[in-house]
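K.L.:
Structure: model.cif, mmCIF, C-alpha atoms.
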```cif
data_data
loop_
_atom_site.label_atom_id
_atom_site.label_comp_id
_atom_site.auth_asym_id
_atom_site.auth_seq_id
_atom_site.Cartn_x
_atom_site.Cartn_y
_atom_site.Cartn_z
CA MET F 232 6.12 -18.73 -21.59
CA THR F 233 4.97 -22.35 -21.84
CA SER F 234 4.02 -24.45 -18.83
CA THR F 235 7.28 -26.43 -19.23
CA ASP F 236 9.51 -23.37 -19.43
CA PRO F 237 12.17 -23.67 -16.66
CA GLN F 238 11.93 -19.95 -15.91
CA LEU F 239 8.17 -20.25 -15.44
CA ILE F 240 8.54 -23.24 -13.15
CA VAL F 241 11.11 -21.40 -11.02
CA GLY F 242 8.88 -18.33 -10.94
CA VAL F 243 5.88 -20.31 -9.71
CA TRP F 244 7.95 -21.99 -7.00
CA PHE F 245 9.38 -18.68 -5.80
CA ALA F 246 5.91 -17.15 -5.80
CA GLY F 247 4.67 -19.98 -3.62
CA VAL F 248 7.57 -19.69 -1.20
CA SER F 249 7.18 -15.88 -1.10
CA VAL F 250 3.64 -16.25 0.25
CA LEU F 251 3.94 -19.48 2.23
CA LEU F 252 7.07 -18.61 4.24
CA PRO F 253 5.57 -15.57 6.05
CA LEU F 254 2.23 -17.38 6.29
CA VAL F 255 3.75 -20.44 7.97
CA LEU F 256 5.97 -18.35 10.24
CA GLY F 257 3.02 -16.16 11.21
CA LEU F 258 0.96 -19.19 12.18
CA GLY F 259 4.02 -20.68 13.90
CA ALA F 260 4.32 -17.58 16.07
CA LEU F 261 0.93 -18.52 17.56
CA VAL F 262 2.11 -22.02 18.58
CA ARG F 263 4.18 -22.10 21.76
CA PRO F 264 6.81 -24.70 20.63
CA LEU F 265 7.42 -22.79 17.38
CA ARG F 266 7.42 -19.20 18.67
CA ARG F 267 11.15 -18.88 19.20
CA LEU F 268 11.91 -20.20 15.70
CA ALA F 269 9.29 -17.91 14.11
CA VAL F 270 10.70 -14.86 15.88
CA ALA F 271 14.25 -15.75 14.84
CA LEU F 272 13.30 -16.22 11.17
CA ALA F 273 10.96 -13.24 10.87
CA PRO F 274 13.62 -10.85 9.43
CA VAL F 275 14.21 -13.22 6.48
CA ALA F 276 10.55 -14.03 5.83
CA ALA F 277 10.32 -11.50 2.99
CA LEU F 278 13.61 -12.44 1.30
CA PRO F 279 12.05 -14.91 -1.20
CA ALA F 280 9.65 -12.15 -2.25
CA LEU F 281 12.56 -9.72 -2.60
CA VAL F 282 14.53 -12.19 -4.74
CA THR F 283 11.46 -12.83 -6.89
CA ALA F 284 10.86 -9.12 -7.43
CA LEU F 285 14.47 -8.47 -8.44
CA SER F 286 15.04 -11.58 -10.58
CA GLY F 287 13.75 -12.21 -14.08
CA ARG F 288 12.38 -9.67 -16.51
CA ALA F 289 9.72 -11.46 -18.54
CA ASP F 290 6.10 -11.38 -17.43
CA TRP F 291 4.59 -14.77 -16.67
CA VAL F 292 1.20 -16.19 -15.75
CA VAL F 293 -0.05 -19.70 -15.01
CA ASP F 294 -3.41 -21.27 -14.18
CA LEU F 295 -3.71 -23.41 -11.04
CA PRO F 296 -7.10 -25.16 -11.31
CA TRP F 297 -6.55 -27.03 -8.02
CA LEU F 298 -6.17 -23.82 -5.94
CA LEU F 299 -9.28 -22.14 -4.48
CA VAL F 300 -11.95 -22.19 -7.22
CA GLY F 301 -9.29 -22.18 -9.92
CA ALA F 302 -6.54 -19.65 -9.34
CA ARG F 303 -4.50 -17.68 -11.85
CA VAL F 304 -1.15 -16.32 -10.63
CA GLY F 305 1.61 -14.43 -12.37
CA LEU F 306 3.94 -11.46 -12.23
CA ASP F 307 3.96 -8.42 -14.49
CA LEU F 308 5.57 -5.01 -14.12
CA THR F 309 2.83 -3.70 -11.82
CA GLY F 310 2.97 -6.76 -9.59
CA ARG F 311 6.77 -6.73 -9.55
CA VAL F 312 6.90 -3.11 -8.36
CA TYR F 313 4.33 -3.77 -5.62
CA LEU F 314 6.15 -6.96 -4.58
CA LEU F 315 9.47 -5.10 -4.37
CA LEU F 316 7.90 -2.37 -2.25
CA GLY F 317 6.28 -4.89 0.09
CA ALA F 318 9.40 -7.05 0.42
CA VAL F 319 11.73 -4.15 1.25
CA THR F 320 9.25 -2.56 3.65
CA PHE F 321 8.44 -5.73 5.57
CA THR F 322 12.11 -6.77 5.76
CA LEU F 323 13.20 -3.46 7.28
CA ALA F 324 10.17 -3.35 9.58
CA ALA F 325 10.81 -6.91 10.79
CA VAL F 326 14.42 -6.02 11.65
CA ALA F 327 13.24 -2.87 13.43
CA ALA F 328 10.70 -4.91 15.42
CA ARG F 329 13.53 -6.81 17.11
CA PHE F 330 14.67 -3.59 18.77
CA ASP F 331 11.33 -1.87 19.33
CA ALA F 332 10.45 -1.29 22.98
CA VAL F 333 6.68 -1.41 22.40
CA VAL F 334 6.95 -4.75 20.57
CA GLU F 335 9.17 -6.15 23.31
CA ARG F 336 6.74 -5.14 26.05
CA GLY F 337 3.71 -6.52 24.25
CA GLY F 338 5.34 -9.75 23.12
CA ALA F 339 7.36 -10.18 19.94
CA SER F 340 5.66 -13.44 18.98
CA ARG F 341 2.19 -11.91 19.19
CA PHE F 342 3.27 -8.90 17.12
CA LEU F 343 5.00 -11.05 14.49
CA ALA F 344 1.99 -13.34 14.13
CA PHE F 345 -0.16 -10.41 12.95
CA PHE F 346 2.74 -8.83 11.07
CA LEU F 347 3.74 -11.92 9.07
CA LEU F 348 0.18 -12.90 8.18
CA SER F 349 -0.34 -9.40 6.77
CA ALA F 350 2.93 -9.77 4.86
CA ALA F 351 1.71 -13.03 3.29
CA GLY F 352 -1.46 -11.32 2.10
CA THR F 353 0.52 -8.37 0.76
CA PHE F 354 2.79 -10.62 -1.31
CA GLY F 355 -0.18 -12.66 -2.49
CA LEU F 356 -1.73 -9.52 -3.97
CA ALA F 357 1.32 -9.02 -6.19
CA PHE F 358 0.86 -12.46 -7.77
CA ALA F 359 -2.96 -12.49 -8.00
CA GLU F 360 -4.23 -12.59 -11.60
CA ASP F 361 -7.83 -13.50 -10.84
CA ALA F 362 -10.51 -11.84 -8.74
CA VAL F 363 -10.86 -14.62 -6.15
CA THR F 364 -7.13 -14.90 -5.39
CA PHE F 365 -6.93 -11.10 -5.20
CA TYR F 366 -9.81 -10.93 -2.72
CA VAL F 367 -8.46 -13.71 -0.50
CA SER F 368 -5.03 -12.04 -0.41
CA PHE F 369 -6.63 -8.66 0.28
CA ALA F 370 -8.53 -10.06 3.27
CA LEU F 371 -5.46 -11.90 4.56
CA MET F 372 -3.53 -8.65 4.51
CA SER F 373 -6.25 -6.47 6.06
CA PHE F 374 -7.73 -8.39 9.00
CA PRO F 375 -4.50 -9.39 10.85
CA ALA F 376 -3.36 -5.75 10.68
CA TYR F 377 -6.08 -4.96 13.25
CA GLY F 378 -3.89 -6.74 15.81
CA LEU F 379 -1.04 -4.40 14.91
CA VAL F 380 -3.13 -1.27 15.43
CA VAL F 381 -4.41 -2.33 18.90
CA PHE F 382 -1.18 -4.05 19.87
CA ASP F 383 -0.35 -2.08 23.03
CA ARG F 384 -4.01 -2.24 24.22
CA GLN F 385 -4.05 1.40 25.31
CA PRO F 386 -7.37 3.29 25.08
CA ALA F 387 -6.20 5.39 22.12
CA SER F 388 -5.06 2.25 20.28
CA VAL F 389 -8.38 0.51 20.95
CA ARG F 390 -10.26 3.53 19.54
CA ALA F 391 -7.99 3.55 16.48
CA GLY F 392 -8.54 -0.18 16.09
CA ARG F 393 -12.30 0.28 16.10
CA ALA F 394 -12.06 2.80 13.28
CA TYR F 395 -9.68 0.55 11.35
CA ILE F 396 -11.70 -2.64 11.64
CA ALA F 397 -14.96 -0.82 10.88
CA PHE F 398 -13.56 0.44 7.59
CA VAL F 399 -12.01 -2.97 6.84
CA VAL F 400 -15.32 -4.78 7.37
CA VAL F 401 -17.32 -2.25 5.35
CA GLY F 402 -14.67 -2.25 2.63
CA GLU F 403 -14.65 -6.05 2.45
CA VAL F 404 -18.45 -6.15 2.18
CA LEU F 405 -18.41 -3.57 -0.61
CA LEU F 406 -15.57 -5.32 -2.41
CA VAL F 407 -16.99 -8.84 -2.29
CA SER F 408 -20.40 -7.50 -3.37
CA GLY F 409 -18.90 -5.58 -6.27
CA LEU F 410 -16.71 -8.49 -7.33
CA PHE F 411 -19.60 -10.97 -7.16
CA ILE F 412 -21.71 -8.79 -9.46
CA ALA F 413 -18.76 -8.07 -11.76
CA VAL F 414 -17.67 -11.71 -12.09
CA TRP F 415 -21.25 -12.83 -12.71
CA ALA F 416 -21.66 -10.21 -15.47
CA ALA F 417 -18.22 -10.84 -17.01
CA GLY F 418 -18.51 -14.62 -16.92
CA GLY F 419 -15.05 -15.16 -15.44
CA THR F 420 -12.48 -14.04 -12.88
CA ASN F 421 -9.47 -13.46 -15.17
CA LEU F 422 -8.11 -9.97 -14.38
CA GLU F 423 -6.76 -9.69 -17.92
CA LEU F 424 -10.32 -9.65 -19.28
CA LEU F 425 -12.46 -8.67 -16.30
CA PRO F 426 -12.03 -4.85 -16.21
CA GLU F 427 -13.24 -4.18 -19.75
CA ARG F 428 -16.11 -6.64 -19.42
CA ILE F 429 -17.18 -5.03 -16.14
CA PHE F 430 -17.50 -1.58 -17.65
CA ARG F 431 -19.28 -2.79 -20.77
CA SER F 432 -21.89 -4.61 -18.70
CA ARG F 433 -25.20 -3.12 -17.59
CA THR F 434 -24.36 -4.09 -14.03
CA SER F 435 -21.44 -1.61 -14.00
CA LEU F 436 -23.72 1.03 -12.46
CA VAL F 437 -23.74 -1.13 -9.31
CA SER F 438 -20.38 -2.96 -9.35
CA VAL F 439 -18.15 -0.02 -10.32
CA PRO F 440 -18.97 2.26 -7.35
CA LEU F 441 -18.68 -0.67 -4.93
CA ILE F 442 -15.21 -1.62 -6.19
CA LEU F 443 -13.96 1.97 -6.45
CA VAL F 444 -15.07 2.89 -2.92
CA ALA F 445 -13.72 -0.34 -1.41
CA PHE F 446 -10.23 0.31 -2.76
CA ALA F 447 -10.48 4.02 -1.97
CA MET F 448 -10.97 3.09 1.70
CA LYS F 449 -7.74 1.09 1.72
CA ALA F 450 -5.85 3.85 -0.12
CA GLY F 451 -7.01 6.45 2.42
CA ALA F 452 -8.69 8.63 -0.18
CA VAL F 453 -10.53 11.68 1.17
CA PRO F 454 -13.17 11.55 2.65
CA LEU F 455 -12.67 7.83 3.39
CA HIS F 456 -9.36 8.40 5.17
CA VAL F 457 -10.54 8.80 8.77
CA TRP F 458 -9.17 5.41 9.85
CA LEU F 459 -5.69 6.15 8.54
CA PRO F 460 -4.19 8.84 10.83
CA PRO F 461 -5.15 7.18 14.16
CA SER F 462 -4.11 3.73 12.91
CA TYR F 463 -0.69 4.92 11.73
CA SER F 464 -0.22 6.88 14.94
CA GLN F 465 -1.16 4.19 17.45
CA ALA F 466 0.42 1.11 15.87
CA PRO F 467 4.00 0.25 16.91
CA THR F 468 6.48 2.01 14.65
CA PRO F 469 7.43 -1.10 12.58
CA ALA F 470 3.73 -1.72 11.95
CA SER F 471 3.22 1.93 10.98
CA ALA F 472 6.02 1.57 8.43
CA ALA F 473 4.38 -1.52 6.93
CA LEU F 474 0.92 0.06 6.90
CA ALA F 475 2.07 3.29 5.28
CA GLY F 476 4.79 1.79 3.10
CA ALA F 477 3.00 -1.16 1.51
CA MET F 478 -0.43 -2.11 2.82
CA SER F 479 -2.23 1.15 2.05
CA LYS F 480 -0.90 0.88 -1.53
CA ALA F 481 -3.08 -2.21 -2.00
CA GLY F 482 -5.95 0.16 -2.74
CA VAL F 483 -3.99 1.64 -5.64
CA LEU F 484 -3.08 -1.85 -6.85
CA GLY F 485 -6.78 -2.70 -6.81
CA TRP F 486 -7.54 0.29 -9.02
CA LEU F 487 -4.79 -0.73 -11.43
CA ARG F 488 -6.09 -4.30 -11.61
CA PHE F 489 -9.85 -3.71 -11.83
CA LEU F 490 -10.22 -0.42 -13.74
CA PRO F 491 -10.10 -0.47 -17.59
CA LEU F 492 -7.22 1.99 -17.65
CA GLY F 493 -5.92 2.66 -21.13
CA GLU F 494 -8.92 0.90 -22.69
CA ILE F 495 -12.13 2.81 -21.95
CA SER F 496 -12.82 6.45 -21.16
CA LEU F 497 -14.98 6.95 -18.06
CA PRO F 498 -15.41 10.73 -17.78
CA PHE F 499 -17.63 10.76 -14.68
CA TRP F 500 -15.48 8.46 -12.54
CA GLY F 501 -12.32 10.06 -13.89
CA LEU F 502 -13.48 13.51 -12.77
CA VAL F 503 -14.54 12.14 -9.37
CA MET F 504 -11.11 10.60 -8.76
CA LEU F 505 -9.26 13.64 -10.09
CA ALA F 506 -11.24 15.97 -7.80
CA ALA F 507 -10.82 13.65 -4.81
CA GLY F 508 -7.07 13.44 -5.43
CA LEU F 509 -6.60 17.20 -5.64
CA LEU F 510 -8.69 17.68 -2.50
CA ALA F 511 -6.58 15.12 -0.63
CA ALA F 512 -3.31 16.71 -1.79
CA PHE F 513 -4.20 20.00 -0.09
CA TYR F 514 -6.33 18.69 2.79
CA GLY F 515 -3.56 16.41 4.05
CA VAL F 516 -1.10 19.31 4.17
CA VAL F 517 -3.46 21.73 5.92
CA VAL F 518 -4.48 19.27 8.64
CA GLY F 519 -0.97 17.82 8.93
CA LEU F 520 0.49 21.23 9.75
CA THR F 521 -1.76 21.41 12.83
CA GLN F 522 -0.50 18.12 14.34
CA ARG F 523 1.61 18.12 17.50
CA ALA F 524 3.32 14.73 17.19
CA PRO F 525 5.51 13.29 14.39
CA LYS F 526 3.50 10.18 13.49
CA PRO F 527 0.16 11.97 12.95
CA ALA F 528 1.97 14.55 10.80
CA LEU F 529 3.40 11.73 8.68
CA ALA F 530 -0.03 10.11 8.49
CA TYR F 531 -1.61 13.24 7.03
CA SER F 532 1.35 13.54 4.70
CA SER F 533 0.36 10.10 3.36
CA VAL F 534 -3.18 11.35 2.80
CA SER F 535 -1.76 14.23 0.77
CA GLN F 536 0.72 12.13 -1.21
CA MET F 537 -1.88 9.49 -2.07
CA GLY F 538 -3.87 12.35 -3.58
CA PHE F 539 -1.22 12.67 -6.30
CA ILE F 540 -1.67 9.01 -7.25
CA THR F 541 -5.46 9.23 -7.09
CA SER F 542 -5.35 12.22 -9.45
CA ALA F 543 -3.16 10.34 -11.91
CA VAL F 544 -5.49 7.31 -11.92
CA GLY F 545 -8.49 9.62 -12.41
CA LEU F 546 -6.78 11.25 -15.36
CA GLY F 547 -6.12 7.80 -16.82
CA LEU F 548 -9.88 7.23 -16.83
CA LEU F 549 -10.39 10.56 -18.58
CA ALA F 550 -7.67 10.10 -21.22
CA PRO F 551 -6.93 6.41 -22.00
CA SER F 552 -4.35 7.37 -24.65
CA ALA F 553 -2.12 8.90 -21.96
CA TRP F 554 -2.25 5.87 -19.67
CA PRO F 555 1.07 4.27 -20.78
CA VAL F 556 2.88 7.41 -19.60
CA LEU F 557 0.72 7.74 -16.49
CA LEU F 558 1.23 4.08 -15.53
CA VAL F 559 5.01 4.55 -15.37
CA ALA F 560 4.48 7.69 -13.29
CA VAL F 561 2.10 5.91 -10.88
CA LEU F 562 4.44 2.93 -10.39
CA VAL F 563 7.48 5.16 -9.77
CA TYR F 564 5.48 7.32 -7.36
CA LEU F 565 4.12 4.22 -5.61
CA LEU F 566 7.60 2.80 -5.04
CA HIS F 567 9.16 6.15 -4.12
CA HIS F 568 6.47 7.14 -1.65
CA GLY F 569 6.23 3.71 -0.02
CA LEU F 570 9.97 3.44 0.61
CA ALA F 571 10.38 7.06 1.75
CA LYS F 572 7.37 6.95 4.06
CA GLY F 573 8.41 3.60 5.54
CA ALA F 574 11.89 5.00 6.23
CA LEU F 575 10.44 8.11 7.88
CA PHE F 576 8.24 6.07 10.22
CA LEU F 577 11.13 3.79 11.16
CA GLY F 578 13.32 6.84 11.73
CA THR F 579 10.67 8.33 14.00
CA GLY F 580 10.81 5.24 16.20
CA LEU F 581 14.59 5.41 16.27
CA ALA F 582 14.38 9.07 17.23
CA GLY F 583 12.44 8.11 20.36
CA ASP F 584 15.14 5.63 21.34
CA ILE F 585 17.90 8.18 20.74
CA GLY F 586 15.96 10.83 22.66
CA ARG F 587 15.72 8.56 25.68
CA GLY F 588 19.46 7.97 25.40
CA ARG F 589 20.14 11.73 25.35
CA SER F 590 22.74 11.43 22.57
CA ARG F 591 22.78 14.79 20.80
CA LYS F 592 25.28 13.69 18.13
CA ALA F 593 23.17 10.65 17.21
CA ALA F 594 20.08 12.86 17.17
CA VAL F 595 21.68 15.25 14.68
CA VAL F 596 22.77 12.38 12.41
CA LEU F 597 19.28 10.90 12.50
CA LEU F 598 17.66 14.26 11.83
CA VAL F 599 19.87 14.68 8.76
CA GLY F 600 18.82 11.25 7.51
CA LEU F 601 15.16 12.02 8.10
CA GLY F 602 15.67 15.35 6.37
CA LEU F 603 17.03 13.64 3.26
CA CYS F 604 14.07 11.25 3.18
CA GLY F 605 11.77 14.22 3.70
CA LEU F 606 13.38 16.13 0.83
CA ALA F 607 12.83 13.13 -1.43
CA LEU F 608 9.19 13.00 -0.35
CA ALA F 609 8.80 16.71 -1.08
CA GLY F 610 10.32 16.26 -4.55
CA ALA F 611 13.61 18.11 -4.06
CA PRO F 612 15.93 18.15 -7.13
CA LEU F 613 18.03 15.02 -7.80
CA THR F 614 15.78 12.82 -5.62
CA SER F 615 13.38 10.00 -6.42
CA GLY F 616 10.54 12.34 -5.48
CA ALA F 617 11.62 14.81 -8.15
CA LEU F 618 11.59 12.04 -10.75
CA ALA F 619 8.18 10.82 -9.60
CA LYS F 620 6.64 14.29 -9.73
CA VAL F 621 8.18 15.04 -13.15
CA LEU F 622 6.66 11.81 -14.49
CA ILE F 623 3.26 12.64 -12.96
CA LYS F 624 3.30 16.11 -14.53
CA GLY F 625 4.50 14.65 -17.83
CA GLY F 626 1.59 12.24 -17.78
CA PHE F 627 -0.84 15.11 -17.26
CA ALA F 628 0.76 17.07 -20.09
CA ALA F 629 0.56 14.01 -22.38
CA THR F 630 -3.24 14.07 -22.20
CA GLY F 631 -3.34 17.31 -24.19
CA MET F 632 -6.37 18.38 -22.15
CA PRO F 633 -6.93 22.16 -21.85
CA SER F 634 -7.14 21.87 -18.06
CA ALA F 635 -3.86 19.92 -17.76
CA ALA F 636 -1.79 23.06 -17.16
CA SER F 637 -4.08 24.16 -14.32
CA VAL F 638 -3.91 20.74 -12.69
CA ILE F 639 -0.11 20.72 -12.95
CA THR F 640 -0.03 24.13 -11.25
CA LEU F 641 -2.21 22.85 -8.42
CA LEU F 642 0.01 19.80 -7.93
CA SER F 643 3.07 22.07 -7.81
CA LEU F 644 1.42 24.10 -5.06
CA ALA F 645 0.59 20.90 -3.18
CA ALA F 646 4.26 19.90 -3.45
CA VAL F 647 5.21 23.18 -1.79
CA GLY F 648 2.78 22.29 0.98
CA THR F 649 4.48 18.92 1.35
CA THR F 650 7.78 20.72 1.93
CA LEU F 651 6.20 22.77 4.72
CA LEU F 652 4.66 19.66 6.26
CA ILE F 653 8.00 17.83 6.23
CA ALA F 654 9.61 20.83 7.93
CA ARG F 655 6.90 20.67 10.58
CA PHE F 656 7.52 16.94 11.00
CA LEU F 657 11.28 17.44 11.48
CA ALA F 658 10.63 20.13 14.08
CA LEU F 659 8.33 17.77 15.97
CA VAL F 660 10.94 14.99 15.86
CA TRP F 661 13.63 17.33 17.21
CA ASN F 662 11.39 18.53 20.00
#
```
Mind converting the file's structure to structure tokens?

P.N.:
Amino acid sequence: MTSTDPQLIVGVWFAGVSVLLPLVLGLGALVRPLRRLAVALAPVAALPALVTALSGRADWVVDLPWLLVGARVGLDLTGRVYLLLGAVTFTLAAVAARFDAVVERGGASRFLAFFLLSAAGTFGLAFAEDAVTFYVSFALMSFPAYGLVVFDRQPASVRAGRAYIAFVVVGEVLLVSGLFIAVWAAGGTNLELLPERIFRSRTSLVSVPLILVAFAMKAGAVPLHVWLPPSYSQAPTPASAALAGAMSKAGVLGWLRFLPLGEISLPFWGLVMLAAGLLAAFYGVVVGLTQRAPKPALAYSSVSQMGFITSAVGLGLLAPSAWPVLLVAVLVYLLHHGLAKGALFLGTGLAGDIGRGRSRKAAVVLLVGLGLCGLALAGAPLTSGALAKVLIKGGFAATGMPSAASVITLLSLAAVGTTLLIARFLALVWN
């Protein structure tokens, strides 16, 4: 598209509104005269992002030399999928926040200030096409979420918040260090060119591990996942849905943006990510089955499910020729898991409200709904989870590697474990 193309101009304007509306409303929630308006408009804050994600098919990109140190923004298939996931998740979570007892007790305006600022950062990540814009959006998403984790100020929430903010700070230090070295070696911040230049540079021995580990922390990859279960468990339910549904996926988006997937084979890092993903797939199930409350069980389910995506990205580094197939699988799995997990967290909060109301009929209806979402997460036939897992396995088979069949078998066993974990979760919700 040219800079005068009407579709490009509309796309840039919608991108700006998608980020600025939640940003302005989040800041407005901190100002006493604007709090009531910000709270009232919070459920529609993500609608521009939703419209942008669903409208238009052509990829576009534009340079904005006046923004930051010279920004580059755009929207491709990967960004569109992440934007759609974030917009749906934050819209549903914002609606749920209006009826959440914990949010009401702690102050809706305070909750929405943190919530909307994180939403602005999340949407900014989808449009970022240069390293600086990506980092600024990543930080804007991550730091306000600390206020969501410690929102009710209970001792357990404060402890969870300490773990969360410690990993955020360490991750940000690693990321900015890795990006500084990578950008210096590559001679630019353009994400279209940066990944390949990073890995062909001598400095890759330093920048690559820093970037990989920083995004692995956000994705909750084992053994860097220790912040995730307590944070998901202690945050108010709408915040848990946003954290699990969209924000943790920013780590995967970082991998997709900064790794030379489909271009260069990196056997060592590919094997590391493949092994870490398989470990997470089983570890999350084993530990999740020992939990005694629904939200921690769901949190460990996320650890397990993110292992599937980590394995697929690792395989993409091992077999670049199979990446086109694997990319489709990763994006479908990302969208499927984010929406299903967000719905399960929101349903868990609703279950508490129904339980206090002692309505058995409503409880049964809700349990059926949660069961359907759980079946999709476990990959039951005719569900989005089944499609996602078939695509993941097809991507592994497309590599033609001798070990592909063994890996597919292991992932099938992990899927059986997910079914058991979802059954455990439903039992905990009923109890």

K.L.:
Translate the PyMOL selection byres ((chain F and resi 393-410) around 9), as applied to the file shown, into an explicit residue set as an MDAnalysis selection string.

P.N.:
chainID F and resid 362:363 366 369:370 373:374 376:377 380:381 388:392 411:415 420 437:449 455 457:459 461:462

K.L.:
Could you state the separation of atom CA of Leu657 of chain F and atom CA of Arg329 of chain F in Å, given to one decimal place?

P.N.:
25.0 Å

K.L.:
Let me know the residues the PyMOL selection byres ((chain F and resi 491-501) around 6) catches in the file above, as a list in words.

P.N.:
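The output of the PyMOL selection byres ((chain F and resi 491-501) around 6) on this file is Pro426, Glu427, Leu490, Leu502, Val503, Met504, Gly545, Leu546, Gly547, Leu548, Leu549, Pro551 and Trp554 of chain F.
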
K.L.:
Which value, in Å to one decimal, gives the distance between atom CA of Gly310 of chain F and atom CA of Arg488 of chain F?

P.N.:
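That distance, rounded to one decimal, is 9.6 Å.
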
K.L.:
As AutoDock Vina command-line options, please report the centre and edge lengths, rounded to one decimal in Å, of the axis-aligned box that holds all listed atoms of segment 616-623 of chain F with 4 Å of padding on each of the six sides.

P.N.:
```
--center_x 7.4 --center_y 12.9 --center_z -10.0 --size_x 16.4 --size_y 12.2 --size_z 17.0
```

K.L.:
How many Å separate atom CA of Asp307 of chain F from atom CA of Phe489 of chain F?

P.N.:
14.8 Å

K.L.:
Measuring between only C-alpha atoms, which one of F:Leu509, F:Ala246, F:Ala553, F:Ala582 shows the shortest distance to Pro454 of chain F?

P.N.:
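Residue with the minimum atom-to-atom distance to Pro454 of chain F: F:Leu509.
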
K.L.:
Could segment 353-366 of chain F be completed with N, CA, C and O atoms and returned as an mmCIF file, in the coordinates of the input?

P.N.:
```
data_model
loop_
_atom_site.group_PDB
_atom_site.id
_atom_site.type_symbol
_atom_site.label_atom_id
_atom_site.label_comp_id
_atom_site.auth_asym_id
_atom_site.auth_seq_id
_atom_site.Cartn_x
_atom_site.Cartn_y
_atom_site.Cartn_z
ATOM 1 N N THR F 353 -0.044 -9.423 1.609
ATOM 2 C CA THR F 353 0.520 -8.370 0.760
ATOM 3 C C THR F 353 1.244 -8.973 -0.441
ATOM 4 O O THR F 353 1.073 -8.535 -1.584
ATOM 5 N N PHE F 354 2.054 -9.990 -0.209
ATOM 6 C CA PHE F 354 2.790 -10.620 -1.310
ATOM 7 C C PHE F 354 1.832 -11.366 -2.238
ATOM 8 O O PHE F 354 2.046 -11.404 -3.452
ATOM 9 N N GLY F 355 0.789 -11.966 -1.665
ATOM 10 C CA GLY F 355 -0.180 -12.660 -2.490
ATOM 11 C C GLY F 355 -0.863 -11.737 -3.486
ATOM 12 O O GLY F 355 -1.163 -12.133 -4.622
ATOM 13 N N LEU F 356 -1.106 -10.496 -3.078
ATOM 14 C CA LEU F 356 -1.730 -9.520 -3.970
ATOM 15 C C LEU F 356 -0.880 -9.288 -5.224
ATOM 16 O O LEU F 356 -1.415 -9.090 -6.327
ATOM 17 N N ALA F 357 0.437 -9.281 -5.061
ATOM 18 C CA ALA F 357 1.320 -9.020 -6.190
ATOM 19 C C ALA F 357 1.216 -10.099 -7.262
ATOM 20 O O ALA F 357 1.388 -9.831 -8.453
ATOM 21 N N PHE F 358 0.924 -11.338 -6.839
ATOM 22 C CA PHE F 358 0.860 -12.460 -7.770
ATOM 23 C C PHE F 358 -0.545 -12.744 -8.286
ATOM 24 O O PHE F 358 -0.704 -13.501 -9.240
ATOM 25 N N ALA F 359 -1.573 -12.157 -7.667
ATOM 26 C CA ALA F 359 -2.960 -12.490 -8.000
ATOM 27 C C ALA F 359 -3.314 -12.005 -9.405
ATOM 28 O O ALA F 359 -3.174 -10.822 -9.724
ATOM 29 N N GLU F 360 -3.795 -12.920 -10.239
ATOM 30 C CA GLU F 360 -4.230 -12.590 -11.600
ATOM 31 C C GLU F 360 -5.692 -12.954 -11.822
ATOM 32 O O GLU F 360 -6.154 -12.975 -12.957
ATOM 33 N N ASP F 361 -6.392 -13.269 -10.745
ATOM 34 C CA ASP F 361 -7.830 -13.500 -10.840
ATOM 35 C C ASP F 361 -8.505 -12.862 -9.638
ATOM 36 O O ASP F 361 -7.864 -12.590 -8.610
ATOM 37 N N ALA F 362 -9.785 -12.602 -9.761
ATOM 38 C CA ALA F 362 -10.510 -11.840 -8.740
ATOM 39 C C ALA F 362 -10.566 -12.557 -7.402
ATOM 40 O O ALA F 362 -10.470 -11.928 -6.344
ATOM 41 N N VAL F 363 -10.732 -13.884 -7.399
ATOM 42 C CA VAL F 363 -10.860 -14.620 -6.150
ATOM 43 C C VAL F 363 -9.543 -14.617 -5.379
ATOM 44 O O VAL F 363 -9.515 -14.361 -4.167
ATOM 45 N N THR F 364 -8.444 -14.915 -6.059
ATOM 46 C CA THR F 364 -7.130 -14.900 -5.390
ATOM 47 C C THR F 364 -6.820 -13.505 -4.865
ATOM 48 O O THR F 364 -6.274 -13.355 -3.767
ATOM 49 N N PHE F 365 -7.172 -12.474 -5.646
ATOM 50 C CA PHE F 365 -6.930 -11.100 -5.200
ATOM 51 C C PHE F 365 -7.724 -10.816 -3.924
ATOM 52 O O PHE F 365 -7.180 -10.258 -2.964
ATOM 53 N N TYR F 366 -8.993 -11.211 -3.893
ATOM 54 C CA TYR F 366 -9.810 -10.930 -2.720
ATOM 55 C C TYR F 366 -9.307 -11.663 -1.486
ATOM 56 O O TYR F 366 -9.245 -11.095 -0.394
#
```
